[in-house]
Amino acid sequence: MLGSAPAQAQAQQTVKIGLILPMTGPFAGAIGRQIEAAAKLYIAQNGASVAGKTIELIVKDDTGTPDVTRRIAQELLVNDKVSFLAGFGLTPLAFAVAPLATQSKTPQIVMAAGTSSITEQSPFIVRTSFTLPQVTIGIADWASKNGIKKAMTLVADYGPGLDAEKSFKERLTAAGGEITGEIRIPLRNPDFSPFLQRVTDAKPDALFVFVPSGLGVQFMKQFVERGLDKSGIRLIATGDVTDDESLDSMGDVTLGLVTTHHYSAAHPSPENKAFVEAFRKAANVRPNFMAVGGWDGMHLIYEALKKTNGDTDGTKLVEAMKGMSWISPRGPISIDPKTRDIIQNVYVRKVEKVNGELYNVEFSTFEAVPDPVKAAK
């Protein structure tokens with residue numbers, strides 16, 4: 001009995017964060033590795049102790065499979081006694097863990113997944129990424145102001161895609177535009193070619209696209225193969241398509257492509273310049289919007305622990321997070337105290353060459369945008 005006392009004291013002095021990410025499979029590079037690198041960089045820059053407690057990061061690969069995510073979360077809670085569950089690369093993965101977060105009263109920090117309803121699945125979920133409606137309404141507004149009357153939508157067939165499709169349609173039609181076709185693509189092993197033929201035949205003014213981070217390369221490749229880049233049909237999208245992690249490898253076909261999103265590696269703030277430089281040094285790649293979600297998720301955890309003086313009671317931690325605000329590499333952000341969702345700027349960007357590399361260059365800003373779906377309730 002006596003022998004375990006120092007071990008127990010040691011355990012109480014350590015705060016464990018279970019970081020669950022797709023580290024293998026199609027979403028490993030654009031999501032998993034980016035968030036892991038950002039989380040580790042945050043600890044390296046800010047130290048591994050907060051409020052007298054040592055921070056321990058436990059990274060687990062869920063392969064992007066909800067059943068695996070749930071099992072890993074259970075193991076982290078029971079065996080590792082983690083104080084935070086974090087990561088969640090895709091919506092179904094965040095959904096899978098929500099009941100466990102509620103049951104165990106453990107803060108679940110969503111650093112990536114973007115379906116609006118995620119924070120409604122548990123009172124312990126707090127999000128530092130974005131919601132698809134939040135970043136979609138801007139591109140619909142931009143389209144209606146730039147002569148786009150008839151548009152088609154092409155989205156990945158799961159939560160965020162359906163959110164994007166609905167938000168774009170509602171916003172464009174409210175401004176007098178028309179949706180002439182809706183296409184949904186399977187999330188796993190997508191082949192865009194047959195669907196793009198329908199777009200060619202329909203000849204809309206524009207095609208609005210959402211595919212998750214990492215699938216933009218394949219989409220752009222098939223868009224060009226089908227000759228749509230020369231068809232006169234304008235391509236507009238959320239920033240997932242022109243993800244910083246893979247944008248440069250897509251080539252000049254993306255030049256001029258207009259998107260709306262909450263983060264670009266080209267964001268011209270001193271905080272972002274420092275972040276991009278440190279991230280490139282640490283990870284040998286430029287950070288994407290997933291990385292900034294991971295970075296801010298770690299900041300939220302650190303600041304909440306400071307507020308509770310190291311107390312790891314889940315209810316106290318979530319209360320500490322509500323209403324928190326800070327300057328992120330992406331710009332000013334805050335946690336909505338009512339919804340536990342992020343409020344942030346959304347930028348209209350155009351792909352341009354900067355020092356020989358392709359970047360999403362911001363040219364207009366929608367300030368302090370909440371999740372519009374929850375704001376409308």
# chains A, B, ... in the order shown; residues from 1 in each chain; ligands from 1
$ select_by_dssp --residues "stretch 33-114 of chain A" --states "strand (DSSP E or B)" --output "ChimeraX atom specification"
/A:49-50,53-61,84-87,108-110
$ write_last_selection --atoms "all heavy atoms" --output "short mmCIF file (atom, residue, chain, number, x, y, z; two decimals), in the first residue's frame"
data_model
loop_
_atom_site.label_atom_id
_atom_site.label_comp_id
_atom_site.auth_asym_id
_atom_site.auth_seq_id
_atom_site.Cartn_x
_atom_site.Cartn_y
_atom_site.Cartn_z
N SER A 49 4.51 22.46 -18.42
CA SER A 49 3.83 22.53 -17.13
C SER A 49 2.92 23.75 -17.07
O SER A 49 3.26 24.82 -17.60
CB SER A 49 4.83 22.54 -15.98
OG SER A 49 5.58 23.73 -16.01
N VAL A 50 1.75 23.55 -16.47
CA VAL A 50 0.75 24.61 -16.33
C VAL A 50 0.17 24.53 -14.93
O VAL A 50 -0.21 23.45 -14.47
CB VAL A 50 -0.42 24.42 -17.34
CG1 VAL A 50 -1.39 25.60 -17.26
CG2 VAL A 50 0.08 24.28 -18.75
N LYS A 53 1.17 21.78 -12.77
CA LYS A 53 0.95 20.41 -13.25
C LYS A 53 1.80 20.15 -14.50
O LYS A 53 2.00 21.05 -15.31
CB LYS A 53 -0.53 20.18 -13.61
CG LYS A 53 -1.51 20.40 -12.46
CD LYS A 53 -1.47 19.26 -11.46
CE LYS A 53 -2.40 19.49 -10.29
NZ LYS A 53 -3.75 19.00 -10.52
N THR A 54 2.25 18.91 -14.65
CA THR A 54 3.00 18.51 -15.84
C THR A 54 2.02 18.05 -16.91
O THR A 54 1.11 17.27 -16.63
CB THR A 54 3.97 17.36 -15.51
OG1 THR A 54 4.83 17.80 -14.46
CG2 THR A 54 4.80 16.97 -16.72
N ILE A 55 2.21 18.53 -18.12
CA ILE A 55 1.33 18.15 -19.24
C ILE A 55 1.93 16.94 -19.96
O ILE A 55 3.09 16.95 -20.34
CB ILE A 55 1.18 19.31 -20.25
CG1 ILE A 55 0.54 20.54 -19.58
CG2 ILE A 55 0.37 18.87 -21.48
CD1 ILE A 55 -0.91 20.39 -19.17
N GLU A 56 1.10 15.92 -20.14
CA GLU A 56 1.52 14.74 -20.91
C GLU A 56 0.56 14.53 -22.07
O GLU A 56 -0.65 14.42 -21.87
CB GLU A 56 1.54 13.49 -20.01
CG GLU A 56 2.08 12.26 -20.71
CD GLU A 56 1.97 10.98 -19.86
OE1 GLU A 56 1.96 11.07 -18.62
OE2 GLU A 56 1.88 9.90 -20.47
N LEU A 57 1.10 14.53 -23.28
CA LEU A 57 0.28 14.35 -24.49
C LEU A 57 0.37 12.89 -24.93
O LEU A 57 1.45 12.35 -25.13
CB LEU A 57 0.82 15.27 -25.60
CG LEU A 57 -0.05 15.46 -26.84
CD1 LEU A 57 -1.33 16.20 -26.52
CD2 LEU A 57 0.74 16.22 -27.92
N ILE A 58 -0.79 12.24 -25.05
CA ILE A 58 -0.83 10.84 -25.50
C ILE A 58 -1.52 10.82 -26.86
O ILE A 58 -2.71 11.10 -26.97
CB ILE A 58 -1.60 9.95 -24.51
CG1 ILE A 58 -0.98 10.04 -23.10
CG2 ILE A 58 -1.61 8.49 -24.98
CD1 ILE A 58 -1.82 9.38 -22.00
N VAL A 59 -0.76 10.54 -27.92
CA VAL A 59 -1.31 10.56 -29.29
C VAL A 59 -1.70 9.15 -29.72
O VAL A 59 -0.91 8.22 -29.62
CB VAL A 59 -0.29 11.15 -30.30
CG1 VAL A 59 -0.89 11.23 -31.69
CG2 VAL A 59 0.18 12.53 -29.84
N LYS A 60 -2.94 9.01 -30.19
CA LYS A 60 -3.45 7.70 -30.63
C LYS A 60 -4.03 7.81 -32.04
O LYS A 60 -4.69 8.79 -32.38
CB LYS A 60 -4.56 7.21 -29.69
CG LYS A 60 -4.11 6.97 -28.25
CD LYS A 60 -3.37 5.66 -28.11
CE LYS A 60 -3.02 5.37 -26.66
NZ LYS A 60 -2.22 4.16 -26.53
N ASP A 61 -3.80 6.77 -32.84
CA ASP A 61 -4.29 6.71 -34.23
C ASP A 61 -5.63 5.98 -34.28
O ASP A 61 -5.71 4.80 -33.94
CB ASP A 61 -3.25 5.96 -35.09
CG ASP A 61 -3.72 5.75 -36.52
OD1 ASP A 61 -4.65 6.46 -36.98
OD2 ASP A 61 -3.15 4.86 -37.20
N PHE A 84 -8.42 15.32 -20.53
CA PHE A 84 -8.98 15.91 -21.75
C PHE A 84 -8.96 14.87 -22.87
O PHE A 84 -7.98 14.12 -23.00
CB PHE A 84 -8.15 17.11 -22.23
CG PHE A 84 -8.09 18.25 -21.28
CD1 PHE A 84 -7.09 18.31 -20.31
CD2 PHE A 84 -9.01 19.30 -21.34
CE1 PHE A 84 -7.01 19.37 -19.42
CE2 PHE A 84 -8.92 20.38 -20.46
CZ PHE A 84 -7.93 20.41 -19.50
N LEU A 85 -10.01 14.86 -23.68
CA LEU A 85 -10.01 14.13 -24.95
C LEU A 85 -9.96 15.20 -26.04
O LEU A 85 -10.72 16.17 -25.98
CB LEU A 85 -11.27 13.28 -25.09
CG LEU A 85 -11.39 12.11 -24.11
CD1 LEU A 85 -12.83 11.60 -24.06
CD2 LEU A 85 -10.45 10.97 -24.48
N ALA A 86 -9.07 15.03 -27.02
CA ALA A 86 -8.92 16.09 -28.02
C ALA A 86 -8.64 15.48 -29.39
O ALA A 86 -8.33 14.29 -29.51
CB ALA A 86 -7.78 17.03 -27.62
N GLY A 87 -8.74 16.32 -30.44
CA GLY A 87 -8.47 15.87 -31.81
C GLY A 87 -9.75 15.83 -32.62
O GLY A 87 -10.36 16.86 -32.90
N GLN A 108 -14.16 17.51 -24.13
CA GLN A 108 -13.83 16.95 -25.45
C GLN A 108 -13.55 18.14 -26.37
O GLN A 108 -14.47 18.85 -26.77
CB GLN A 108 -14.99 16.09 -25.98
CG GLN A 108 -14.72 15.50 -27.36
CD GLN A 108 -15.88 14.67 -27.91
OE1 GLN A 108 -16.82 14.34 -27.18
NE2 GLN A 108 -15.84 14.33 -29.18
N ILE A 109 -12.28 18.33 -26.70
CA ILE A 109 -11.88 19.50 -27.49
C ILE A 109 -11.82 19.11 -28.97
O ILE A 109 -10.92 18.38 -29.39
CB ILE A 109 -10.51 20.06 -27.03
CG1 ILE A 109 -10.47 20.21 -25.49
CG2 ILE A 109 -10.20 21.38 -27.72
CD1 ILE A 109 -11.55 21.07 -24.88
N VAL A 110 -12.78 19.60 -29.74
CA VAL A 110 -12.84 19.28 -31.17
C VAL A 110 -11.96 20.27 -31.93
O VAL A 110 -12.27 21.46 -32.01
CB VAL A 110 -14.30 19.29 -31.67
CG1 VAL A 110 -14.36 19.07 -33.18
CG2 VAL A 110 -15.10 18.21 -30.95
#
$ residues_around --residues "A:Asp252" --least-positions-apart "3" --cutoff "10 Å" --atoms "only C-alpha atoms" --output "list in words"
Leu247, Asp248, Ser249, Leu255, Gly256, Val351, Glu352, Lys353, Glu357 and Leu358 of chain A
$ write_last_selection --atoms "N, CA and C atoms" --output "compact mmCIF listing (two decimals), in the first residue's frame"
# COMPACT_ATOMS: atom_id res chain seq x y z
N LEU A 247 -1.94 22.67 -51.37
CA LEU A 247 -2.21 23.66 -52.43
C LEU A 247 -1.08 23.77 -53.44
N ASP A 248 0.14 23.85 -52.95
CA ASP A 248 1.27 24.06 -53.87
C ASP A 248 1.43 22.91 -54.85
N SER A 249 1.06 21.70 -54.43
CA SER A 249 1.20 20.54 -55.32
C SER A 249 0.08 20.45 -56.35
N LEU A 255 -4.87 28.86 -59.70
CA LEU A 255 -4.70 30.32 -59.70
C LEU A 255 -6.03 31.03 -59.94
N GLY A 256 -6.34 32.00 -59.09
CA GLY A 256 -7.58 32.76 -59.24
C GLY A 256 -8.79 32.13 -58.55
N VAL A 351 -6.47 32.33 -54.80
CA VAL A 351 -5.17 31.65 -54.94
C VAL A 351 -4.27 32.51 -55.82
N GLU A 352 -3.10 32.86 -55.25
CA GLU A 352 -2.11 33.66 -55.98
C GLU A 352 -0.72 33.09 -55.74
N LYS A 353 0.22 33.49 -56.63
CA LYS A 353 1.62 33.11 -56.43
C LYS A 353 2.31 34.13 -55.52
N GLU A 357 5.38 30.36 -54.71
CA GLU A 357 4.52 29.33 -54.14
C GLU A 357 3.06 29.77 -54.19
N LEU A 358 2.15 28.80 -54.27
CA LEU A 358 0.72 29.11 -54.30
C LEU A 358 0.19 29.30 -52.88
$ select_by_dssp --residues "stretch 217-260 of chain A" --states "alpha helix (DSSP H)" --output "count of residues only"
16
$ closest_atom_pairs --of "stretch 195-272 of chain A" --to "stretch 286-305 of chain A" --cutoff "8 Å" --atoms "only C-alpha atoms" --output "tab-separated table"
residue	atom	partner	partner_atom	distance
A:Asp243	CA	A:Asn288	CA	6.3
A:Asp244	CA	A:Asn288	CA	4.9
A:Glu245	CA	A:Asn288	CA	5.5
A:His262	CA	A:Phe289	CA	7.5
A:Tyr263	CA	A:Phe289	CA	5.4
A:Ser264	CA	A:Phe289	CA	6.9
A:Ala265	CA	A:Pro287	CA	6.4
$ residues_around --residues "stretch 94-101 of chain A" --least-positions-apart "6" --cutoff "9 Å" --atoms "only C-alpha atoms" --output "ChimeraX atom specification"
/A:66-67,69-71,73-74,77,85,87-88,107-108,110,113,118-119,121-125
$ residues_around --residues "stretch 148-154 of chain A" --least-positions-apart "2" --cutoff "6 Å" --atoms "only C-alpha atoms" --output "list in words"
Ala143, Ser144, Asn146, Gly177, Glu178, Ile179, Thr180, Gly181, Glu182, Ile183, Arg184, Pro204, Asp205, Ala206, Leu207, Phe208 and Val209 of chain A
$ write_last_selection --atoms "all heavy atoms" --output "CSV table (one decimal), in the first residue's frame"
chain,number,residue,atom,x,y,z
A,143,ALA,N,-20.6,35.2,-54.2
A,143,ALA,CA,-21.1,34.7,-55.5
A,143,ALA,C,-22.2,35.6,-56.0
A,143,ALA,O,-22.2,36.0,-57.1
A,143,ALA,CB,-21.5,33.2,-55.4
A,144,SER,N,-23.2,35.8,-55.1
A,144,SER,CA,-24.3,36.6,-55.5
A,144,SER,C,-24.0,38.0,-55.9
A,144,SER,O,-24.6,38.6,-56.8
A,144,SER,CB,-25.5,36.6,-54.5
A,144,SER,OG,-25.0,37.1,-53.3
A,146,ASN,N,-21.1,38.8,-57.3
A,146,ASN,CA,-20.2,38.7,-58.4
A,146,ASN,C,-20.8,38.0,-59.7
A,146,ASN,O,-20.1,37.3,-60.4
A,146,ASN,CB,-18.9,38.1,-58.0
A,146,ASN,CG,-18.0,39.0,-57.2
A,146,ASN,OD1,-17.3,39.8,-57.7
A,146,ASN,ND2,-18.2,39.0,-55.9
A,177,GLY,N,-30.5,34.0,-56.3
A,177,GLY,CA,-29.9,33.0,-57.2
A,177,GLY,C,-30.7,31.7,-57.2
A,177,GLY,O,-31.7,31.5,-56.6
A,178,GLU,N,-30.1,30.7,-58.0
A,178,GLU,CA,-30.8,29.5,-58.2
A,178,GLU,C,-29.8,28.3,-58.2
A,178,GLU,O,-28.7,28.4,-58.7
A,178,GLU,CB,-31.5,29.5,-59.6
A,178,GLU,CG,-32.3,28.3,-59.9
A,178,GLU,CD,-32.8,28.3,-61.4
A,178,GLU,OE1,-32.7,29.4,-62.1
A,178,GLU,OE2,-33.2,27.2,-61.8
A,179,ILE,N,-30.2,27.2,-57.5
A,179,ILE,CA,-29.4,26.0,-57.5
A,179,ILE,C,-29.9,25.1,-58.5
A,179,ILE,O,-31.1,24.6,-58.4
A,179,ILE,CB,-29.4,25.3,-56.1
A,179,ILE,CG1,-28.8,26.3,-55.0
A,179,ILE,CG2,-28.5,24.0,-56.1
A,179,ILE,CD1,-27.4,26.7,-55.2
A,180,THR,N,-29.1,24.8,-59.6
A,180,THR,CA,-29.7,24.0,-60.7
A,180,THR,C,-29.3,22.5,-60.6
A,180,THR,O,-29.7,21.7,-61.4
A,180,THR,CB,-29.1,24.5,-62.0
A,180,THR,OG1,-27.7,24.5,-62.0
A,180,THR,CG2,-29.6,26.0,-62.3
A,181,GLY,N,-28.6,22.1,-59.5
A,181,GLY,CA,-28.3,20.7,-59.4
A,181,GLY,C,-27.5,20.5,-58.1
A,181,GLY,O,-26.6,21.4,-57.7
A,182,GLU,N,-27.7,19.4,-57.4
A,182,GLU,CA,-27.0,19.1,-56.2
A,182,GLU,C,-26.3,17.7,-56.3
A,182,GLU,O,-27.0,16.7,-56.6
A,182,GLU,CB,-27.9,19.1,-55.0
A,182,GLU,CG,-28.5,20.5,-54.7
A,182,GLU,CD,-29.6,20.5,-53.6
A,182,GLU,OE1,-30.0,19.4,-53.2
A,182,GLU,OE2,-30.0,21.5,-53.2
A,183,ILE,N,-25.0,17.6,-56.1
A,183,ILE,CA,-24.3,16.4,-56.3
A,183,ILE,C,-23.7,16.0,-54.9
A,183,ILE,O,-23.0,16.9,-54.3
A,183,ILE,CB,-23.2,16.5,-57.4
A,183,ILE,CG1,-23.9,16.8,-58.7
A,183,ILE,CG2,-22.4,15.2,-57.4
A,183,ILE,CD1,-22.9,17.2,-59.8
A,184,ARG,N,-23.8,14.7,-54.5
A,184,ARG,CA,-23.2,14.3,-53.3
A,184,ARG,C,-22.3,13.1,-53.6
A,184,ARG,O,-22.7,12.2,-54.3
A,184,ARG,CB,-24.2,13.8,-52.3
A,184,ARG,CG,-25.1,15.0,-51.8
A,184,ARG,CD,-26.2,14.6,-50.8
A,184,ARG,NE,-27.0,15.7,-50.4
A,184,ARG,CZ,-28.1,15.5,-49.7
A,184,ARG,NH1,-28.5,14.3,-49.2
A,184,ARG,NH2,-28.8,16.6,-49.4
A,204,PRO,N,-23.8,25.5,-65.5
A,204,PRO,CA,-24.2,26.5,-64.5
A,204,PRO,C,-23.1,27.7,-64.6
A,204,PRO,O,-22.1,27.5,-65.2
A,204,PRO,CB,-24.1,25.8,-63.2
A,204,PRO,CG,-23.0,24.8,-63.4
A,204,PRO,CD,-23.1,24.3,-64.8
A,205,ASP,N,-23.5,28.8,-64.0
A,205,ASP,CA,-22.5,29.9,-63.9
A,205,ASP,C,-21.3,29.5,-63.1
A,205,ASP,O,-20.2,29.9,-63.3
A,205,ASP,CB,-23.1,31.1,-63.2
A,205,ASP,CG,-24.3,31.7,-64.0
A,205,ASP,OD1,-24.3,31.5,-65.3
A,205,ASP,OD2,-25.2,32.3,-63.4
A,206,ALA,N,-21.6,28.7,-62.0
A,206,ALA,CA,-20.5,28.3,-61.1
A,206,ALA,C,-20.8,26.9,-60.4
A,206,ALA,O,-22.0,26.5,-60.4
A,206,ALA,CB,-20.4,29.3,-60.0
A,207,LEU,N,-19.7,26.3,-60.0
A,207,LEU,CA,-19.8,25.1,-59.2
A,207,LEU,C,-19.3,25.3,-57.9
A,207,LEU,O,-18.1,25.7,-57.7
A,207,LEU,CB,-19.0,23.9,-59.9
A,207,LEU,CG,-18.9,22.6,-59.1
A,207,LEU,CD1,-20.3,21.9,-59.0
A,207,LEU,CD2,-17.9,21.7,-59.8
A,208,PHE,N,-20.1,25.1,-56.8
A,208,PHE,CA,-19.6,25.3,-55.4
A,208,PHE,C,-19.2,23.9,-54.9
A,208,PHE,O,-20.0,22.9,-55.0
A,208,PHE,CB,-20.7,25.9,-54.5
A,208,PHE,CG,-20.4,25.7,-53.1
A,208,PHE,CD1,-19.5,26.5,-52.5
A,208,PHE,CD2,-21.1,24.7,-52.3
A,208,PHE,CE1,-19.1,26.3,-51.1
A,208,PHE,CE2,-20.8,24.6,-51.0
A,208,PHE,CZ,-19.8,25.4,-50.4
A,209,VAL,N,-18.1,23.8,-54.3
A,209,VAL,CA,-17.5,22.5,-53.9
A,209,VAL,C,-17.1,22.5,-52.4
A,209,VAL,O,-16.5,23.5,-51.9
A,209,VAL,CB,-16.3,22.1,-54.7
A,209,VAL,CG1,-15.7,20.8,-54.3
A,209,VAL,CG2,-16.6,22.1,-56.2
